[in-house]
>>> print(open('data.txt').read())   # compact mmCIF, C-alpha atoms
# COMPACT_ATOMS: atom_id res chain seq x y z
CA MET A 1 10.25 -13.97 -13.41
CA ARG A 2 9.64 -10.96 -15.62
CA ASP A 3 11.73 -10.38 -18.72
CA LYS A 4 14.45 -7.81 -17.93
CA ASN A 5 14.59 -6.80 -21.61
CA ARG A 6 11.34 -4.87 -21.18
CA ILE A 7 13.02 -2.27 -18.93
CA PRO A 8 15.20 -0.41 -21.49
CA LYS A 9 12.31 -0.35 -23.99
CA ILE A 10 9.95 1.23 -21.44
CA LEU A 11 12.59 3.65 -20.13
CA ASN A 12 13.48 4.77 -23.69
CA GLU A 13 9.84 5.49 -24.51
CA LEU A 14 9.32 7.23 -21.17
CA GLU A 15 12.38 9.40 -21.77
CA ARG A 16 11.28 10.28 -25.32
CA ILE A 17 7.74 11.21 -24.28
CA TRP A 18 8.83 13.04 -21.13
CA LYS A 19 11.39 15.14 -23.03
CA SER A 20 8.65 16.22 -25.43
CA ASN A 21 6.42 17.08 -22.40
CA PRO A 22 8.92 18.45 -19.84
CA ASP A 23 6.29 20.21 -17.71
CA PHE A 24 4.73 16.87 -16.77
CA ARG A 25 5.75 15.11 -13.59
CA LEU A 26 6.56 11.41 -13.82
CA GLY A 27 3.42 10.53 -11.86
CA GLN A 28 1.31 12.45 -14.35
CA LEU A 29 2.87 10.59 -17.28
CA ILE A 30 2.25 7.24 -15.62
CA VAL A 31 -1.38 8.04 -14.85
CA VAL A 32 -1.91 9.34 -18.41
CA GLY A 33 -0.33 6.16 -19.78
CA VAL A 34 -2.40 3.87 -17.57
CA THR A 35 -5.69 5.81 -17.85
CA PRO A 36 -7.13 4.16 -14.72
CA LYS A 37 -10.88 3.78 -14.20
CA GLU A 38 -10.54 5.45 -10.79
CA PRO A 39 -8.45 8.60 -10.17
CA CYS A 40 -4.99 8.15 -8.61
CA PRO A 41 -4.25 11.55 -7.03
CA GLU A 42 -1.33 10.27 -4.93
CA VAL A 43 0.47 9.13 -8.08
CA PHE A 44 -0.72 11.98 -10.34
CA TYR A 45 0.27 14.80 -7.98
CA ILE A 46 3.50 13.44 -6.52
CA GLU A 47 6.41 15.80 -7.08
CA ASP A 48 9.36 14.26 -8.88
CA GLU A 49 11.66 15.04 -5.94
CA ASP A 50 9.34 13.20 -3.54
CA LEU A 51 9.16 10.21 -5.89
CA LEU A 52 12.94 10.14 -6.19
CA ASP A 53 13.26 10.33 -2.41
CA GLY A 54 10.84 7.40 -2.05
CA LEU A 55 12.74 5.36 -4.64
CA LEU A 56 16.04 6.02 -2.89
CA LYS A 57 14.51 5.04 0.45
CA PHE A 58 13.10 1.87 -1.12
CA ASP A 59 16.53 1.03 -2.52
CA LYS A 60 18.13 1.67 0.87
CA ARG A 61 15.57 -0.61 2.59
CA ALA A 62 16.46 -3.39 0.15
CA GLU A 63 20.08 -3.14 1.30
CA LEU A 64 19.29 -3.26 5.04
CA ASP A 65 19.74 -6.50 6.91
CA ASP A 66 16.99 -7.95 9.13
CA GLU A 67 18.19 -6.18 12.28
CA GLU A 68 18.29 -2.79 10.57
CA GLN A 69 14.82 -3.39 9.07
CA LYS A 70 13.42 -3.84 12.60
CA THR A 71 14.50 -0.31 13.56
CA ILE A 72 12.38 1.33 10.84
CA PRO A 73 9.08 2.47 12.38
CA ASP A 74 6.02 0.55 11.20
CA ARG A 75 4.45 3.69 9.72
CA LYS A 76 7.40 3.96 7.30
CA ARG A 77 7.91 0.24 6.87
CA PHE A 78 4.47 -0.83 5.67
CA SER A 79 2.15 0.46 2.93
CA ASN A 80 -0.09 3.15 4.35
CA VAL A 81 -3.74 2.17 3.95
CA SER A 82 -4.79 4.99 6.30
CA ARG A 83 -3.95 7.86 3.99
CA LEU A 84 -5.19 6.66 0.64
CA ASP A 85 -8.64 7.55 -0.54
CA PRO A 86 -10.72 4.38 -0.01
CA LYS A 87 -11.37 4.31 -3.77
CA GLU A 88 -7.60 3.90 -4.29
CA LEU A 89 -7.34 0.84 -2.06
CA THR A 90 -6.78 -2.13 -4.33
CA ILE A 91 -6.30 -5.86 -3.98
CA GLU A 92 -2.76 -5.41 -5.33
CA LEU A 93 -1.88 -2.82 -2.70
CA LEU A 94 -3.26 -4.98 0.09
CA GLU A 95 -1.51 -8.06 -1.24
CA LYS A 96 1.77 -6.09 -1.25
CA LEU A 97 1.14 -5.11 2.36
CA ILE A 98 0.44 -8.74 3.31
CA ILE A 99 3.74 -9.77 1.67
CA GLU A 100 5.53 -7.00 3.59
CA LEU A 101 3.99 -8.31 6.82
CA LYS A 102 4.84 -11.91 5.97
CA ASN A 103 8.48 -10.98 5.31
CA SER A 104 8.73 -9.02 8.55
CA ASP A 105 8.78 -10.14 12.15
CA LYS A 106 5.47 -8.36 12.73
CA LYS A 107 2.81 -10.74 14.01
CA ILE A 108 -0.66 -9.22 13.93
CA VAL A 109 -4.19 -10.41 13.43
CA ILE A 110 -5.07 -8.85 10.09
CA THR A 111 -8.14 -6.66 10.37
CA PRO A 112 -8.91 -3.28 8.78
CA ILE A 113 -8.30 -1.48 12.07
CA ASN A 114 -5.04 -3.31 12.80
CA LEU A 115 -3.79 -2.46 9.29
CA MET A 116 -4.56 1.22 9.90
CA LYS A 117 -2.97 1.01 13.35
CA LEU A 118 0.28 -0.16 11.70
CA ASN A 119 0.64 3.27 10.12
CA GLY A 120 0.00 5.15 13.34
CA ALA A 121 -3.63 5.99 12.57
CA PRO A 122 -5.54 7.25 15.64
CA VAL A 123 -7.83 4.21 15.78
CA SER A 124 -8.64 4.75 19.47
CA ASP A 125 -10.24 8.11 18.59
CA GLN A 126 -13.88 7.13 18.10
CA THR A 127 -14.73 10.30 16.16
CA TRP A 128 -11.88 9.66 13.73
CA LEU A 129 -12.81 6.00 13.46
CA LEU A 130 -16.46 6.77 12.68
CA ASN A 131 -15.27 8.85 9.72
CA GLN A 132 -13.35 5.83 8.43
CA LYS A 133 -16.41 3.68 7.66
CA PRO A 134 -15.88 3.79 3.85
CA ARG A 135 -12.21 2.80 4.32
CA ILE A 136 -13.08 0.00 6.75
CA LYS A 137 -15.81 -1.29 4.44
CA LYS A 138 -13.39 -1.34 1.47
CA LEU A 139 -10.64 -3.03 3.52
CA LYS A 140 -13.10 -5.68 4.75
CA LYS A 141 -14.14 -6.41 1.16
CA LEU A 142 -10.51 -6.70 0.03
CA LEU A 143 -9.58 -8.94 2.96
CA ILE A 144 -12.45 -11.29 2.07
CA GLU A 145 -11.17 -11.38 -1.50
CA LEU A 146 -7.66 -12.19 -0.27
CA LYS A 147 -9.13 -15.00 1.85
CA GLU A 148 -10.95 -16.35 -1.19
CA ASN A 149 -7.67 -16.17 -3.16
CA GLY A 150 -5.91 -18.25 -0.47
CA VAL A 151 -3.66 -15.42 0.74
CA LEU A 152 -5.33 -15.21 4.17
CA ASN A 153 -6.94 -17.68 6.56
CA GLU A 154 -9.94 -16.57 8.61
CA ARG A 155 -9.56 -16.85 12.37
CA LYS A 156 -12.25 -18.62 14.36
CA SER A 157 -12.87 -15.74 16.78
CA LYS A 158 -14.26 -12.36 15.77
CA GLN A 159 -12.93 -9.12 17.23
CA ASP A 160 -14.91 -6.16 18.50
CA PHE A 161 -13.09 -2.82 18.48
CA LEU A 162 -15.01 0.20 19.80
CA GLY A 163 -18.26 -1.35 18.62
CA ILE A 164 -16.94 -2.34 15.19
CA LYS A 165 -17.10 -6.07 14.59
CA GLU A 166 -14.16 -7.41 12.67
CA ILE A 167 -13.15 -10.74 11.24
CA GLY A 168 -9.50 -11.44 11.89
CA TYR A 169 -7.19 -13.13 9.42
CA ASP A 170 -3.81 -14.83 9.52
CA ILE A 171 -1.43 -14.94 6.59
CA ALA A 172 -1.68 -18.26 4.78
CA GLU A 173 1.51 -20.30 4.59
>>> encode(input="data.txt", output="structure tokens")
Amino acid sequence: MRDKNRIPKILNELERIWKSNPDFRLGQLIVVGVTPKEPCPEVFYIEDEDLLDGLLKFDKRAELDDEEQKTIPDRKRFSNVSRLDPKELTIELLEKLIIELKNSDKKIVITPINLMKLNGAPVSDQTWLLNQKPRIKKLKKLLIELKENGVLNERKSKQDFLGIKEIGYDIAE
């Protein structure tokens, strides 16, 4: 478990720096503080009001019981791997999504296409899907890494979706 004493220290520094740079959005400050190797436009450009709305929704989801959780549509319930730039897809993001799936009642074979389908992506549109090759390639690579880390188990049978061969995975127990 992480030390809770770190929170006030970080919040105090964030408040001090933000007050001296009030035109920055919180996402900008975080990206500047992290200085990632790859750009993070979804974090950098998020408006503070949208971030606050997302935080409040996250807090509300934490309070919901299992039955109420089931009524939230999948596209709002699970991390959206369909909208991020493929360069922004990380092992941490995918691991978070796998944990979300494990904690839900959702039973799916984990493949890049099924993960995109969770968010309502138009995976049956072949033209759209052909444009997703970089995303699919990145997701495949990350799923292999999660298998190697013991988070996923490879299924015996391979899937073929609109001519795209996929290895399916189950969440490891």
>>> closest_residue(input="data.txt", among="A:Leu146, A:Ile113, A:Ile7, A:Leu97", to="Asp125 in chain A", atoms="all atoms listed in the file")
A:Ile113
>>> atom_distance(input="data.txt", atom1="CA of Leu29 in chain A", atom2="CA of Asp3 in chain A")
22.8 Å
>>> closest_residue(input="data.txt", among="A:Glu154, A:Glu145, A:Glu15, A:Glu166", to="Glu92 in chain A", atoms="only C-alpha atoms")
A:Glu145
>>> closest_residue(input="data.txt", among="A:Leu84, A:Ile17, A:Leu56, A:Ile167", to="Pro39 in chain A", atoms="all atoms listed in the file")
A:Leu84
>>> residues_around(input="data.txt", residues="Met116 in chain A", least_positions_apart="3", cutoff="8 Å", atoms="all atoms listed in the file", output="ChimeraX atom specification")
/A:80-82,112-113,119-121,123
>>> residues_near_point(input="data.txt", point="(-13.0, 5.6, 11.2)", cutoff="12 Å", atoms="only C-alpha atoms", output="mmCIF file with C-alpha atoms, in the frame of the given file")
data_model
loop_
_atom_site.group_PDB
_atom_site.id
_atom_site.type_symbol
_atom_site.label_atom_id
_atom_site.label_comp_id
_atom_site.auth_asym_id
_atom_site.auth_seq_id
_atom_site.Cartn_x
_atom_site.Cartn_y
_atom_site.Cartn_z
ATOM 1 C CA SER A 82 -4.790 4.990 6.300
ATOM 2 C CA ARG A 83 -3.950 7.860 3.990
ATOM 3 C CA PRO A 86 -10.720 4.380 -0.010
ATOM 4 C CA PRO A 112 -8.910 -3.280 8.780
ATOM 5 C CA ILE A 113 -8.300 -1.480 12.070
ATOM 6 C CA MET A 116 -4.560 1.220 9.900
ATOM 7 C CA LYS A 117 -2.970 1.010 13.350
ATOM 8 C CA ALA A 121 -3.630 5.990 12.570
ATOM 9 C CA PRO A 122 -5.540 7.250 15.640
ATOM 10 C CA VAL A 123 -7.830 4.210 15.780
ATOM 11 C CA SER A 124 -8.640 4.750 19.470
ATOM 12 C CA ASP A 125 -10.240 8.110 18.590
ATOM 13 C CA GLN A 126 -13.880 7.130 18.100
ATOM 14 C CA THR A 127 -14.730 10.300 16.160
ATOM 15 C CA TRP A 128 -11.880 9.660 13.730
ATOM 16 C CA LEU A 129 -12.810 6.000 13.460
ATOM 17 C CA LEU A 130 -16.460 6.770 12.680
ATOM 18 C CA ASN A 131 -15.270 8.850 9.720
ATOM 19 C CA GLN A 132 -13.350 5.830 8.430
ATOM 20 C CA LYS A 133 -16.410 3.680 7.660
ATOM 21 C CA PRO A 134 -15.880 3.790 3.850
ATOM 22 C CA ARG A 135 -12.210 2.800 4.320
ATOM 23 C CA ILE A 136 -13.080 0.000 6.750
ATOM 24 C CA LYS A 137 -15.810 -1.290 4.440
ATOM 25 C CA LYS A 138 -13.390 -1.340 1.470
ATOM 26 C CA LEU A 139 -10.640 -3.030 3.520
ATOM 27 C CA PHE A 161 -13.090 -2.820 18.480
ATOM 28 C CA LEU A 162 -15.010 0.200 19.800
ATOM 29 C CA GLY A 163 -18.260 -1.350 18.620
ATOM 30 C CA ILE A 164 -16.940 -2.340 15.190
#
>>> atom_distance(input="data.txt", atom1="CA of Phe44 in chain A", atom2="CA of Ile30 in chain A")
7.7 Å
>>> closest_residue(input="data.txt", among="A:Lys4, A:Arg16, A:Lys87, A:Lys147", to="Lys37 in chain A", atoms="only C-alpha atoms")
A:Lys87
>>> atom_distance(input="data.txt", atom1="CA of Leu55 in chain A", atom2="CA of Leu26 in chain A")
12.6 Å
>>> closest_residue(input="data.txt", among="A:Tyr169, A:Thr35, A:Ile144, A:Glu95", to="Asn114 in chain A", atoms="all atoms listed in the file")
A:Tyr169
>>> residues_around(input="data.txt", residues="Asp85 in chain A", least_positions_apart="5", cutoff="9 Å", atoms="all atoms listed in the file", output="list in words")
Cys40, Pro41, Glu42 and Arg135 of chain A
>>> residues_around(input="data.txt", residues="Arg25 in chain A", least_positions_apart="2", cutoff="9 Å", atoms="all atoms listed in the file", output="count of residues only")
12
>>> residues_around(input="data.txt", residues="Ile108 in chain A", least_positions_apart="3", cutoff="10 Å", atoms="only C-alpha atoms", output="PyMOL selection string")
chain A and resi 101+105+111+114-115+118+168-171
>>> closest_residue(input="data.txt", among="A:Lys57, A:Asn12, A:Lys106, A:Leu94", to="Leu152 in chain A", atoms="only C-alpha atoms")
A:Leu94
>>> axis_aligned_box(input="data.txt", around="range 38-43 of chain A", padding_each_side="3 Å", output="JSON")
{"center_x": -5.0, "center_y": 8.5, "center_z": -7.9, "size_x": 17.0, "size_y": 12.1, "size_z": 11.9}
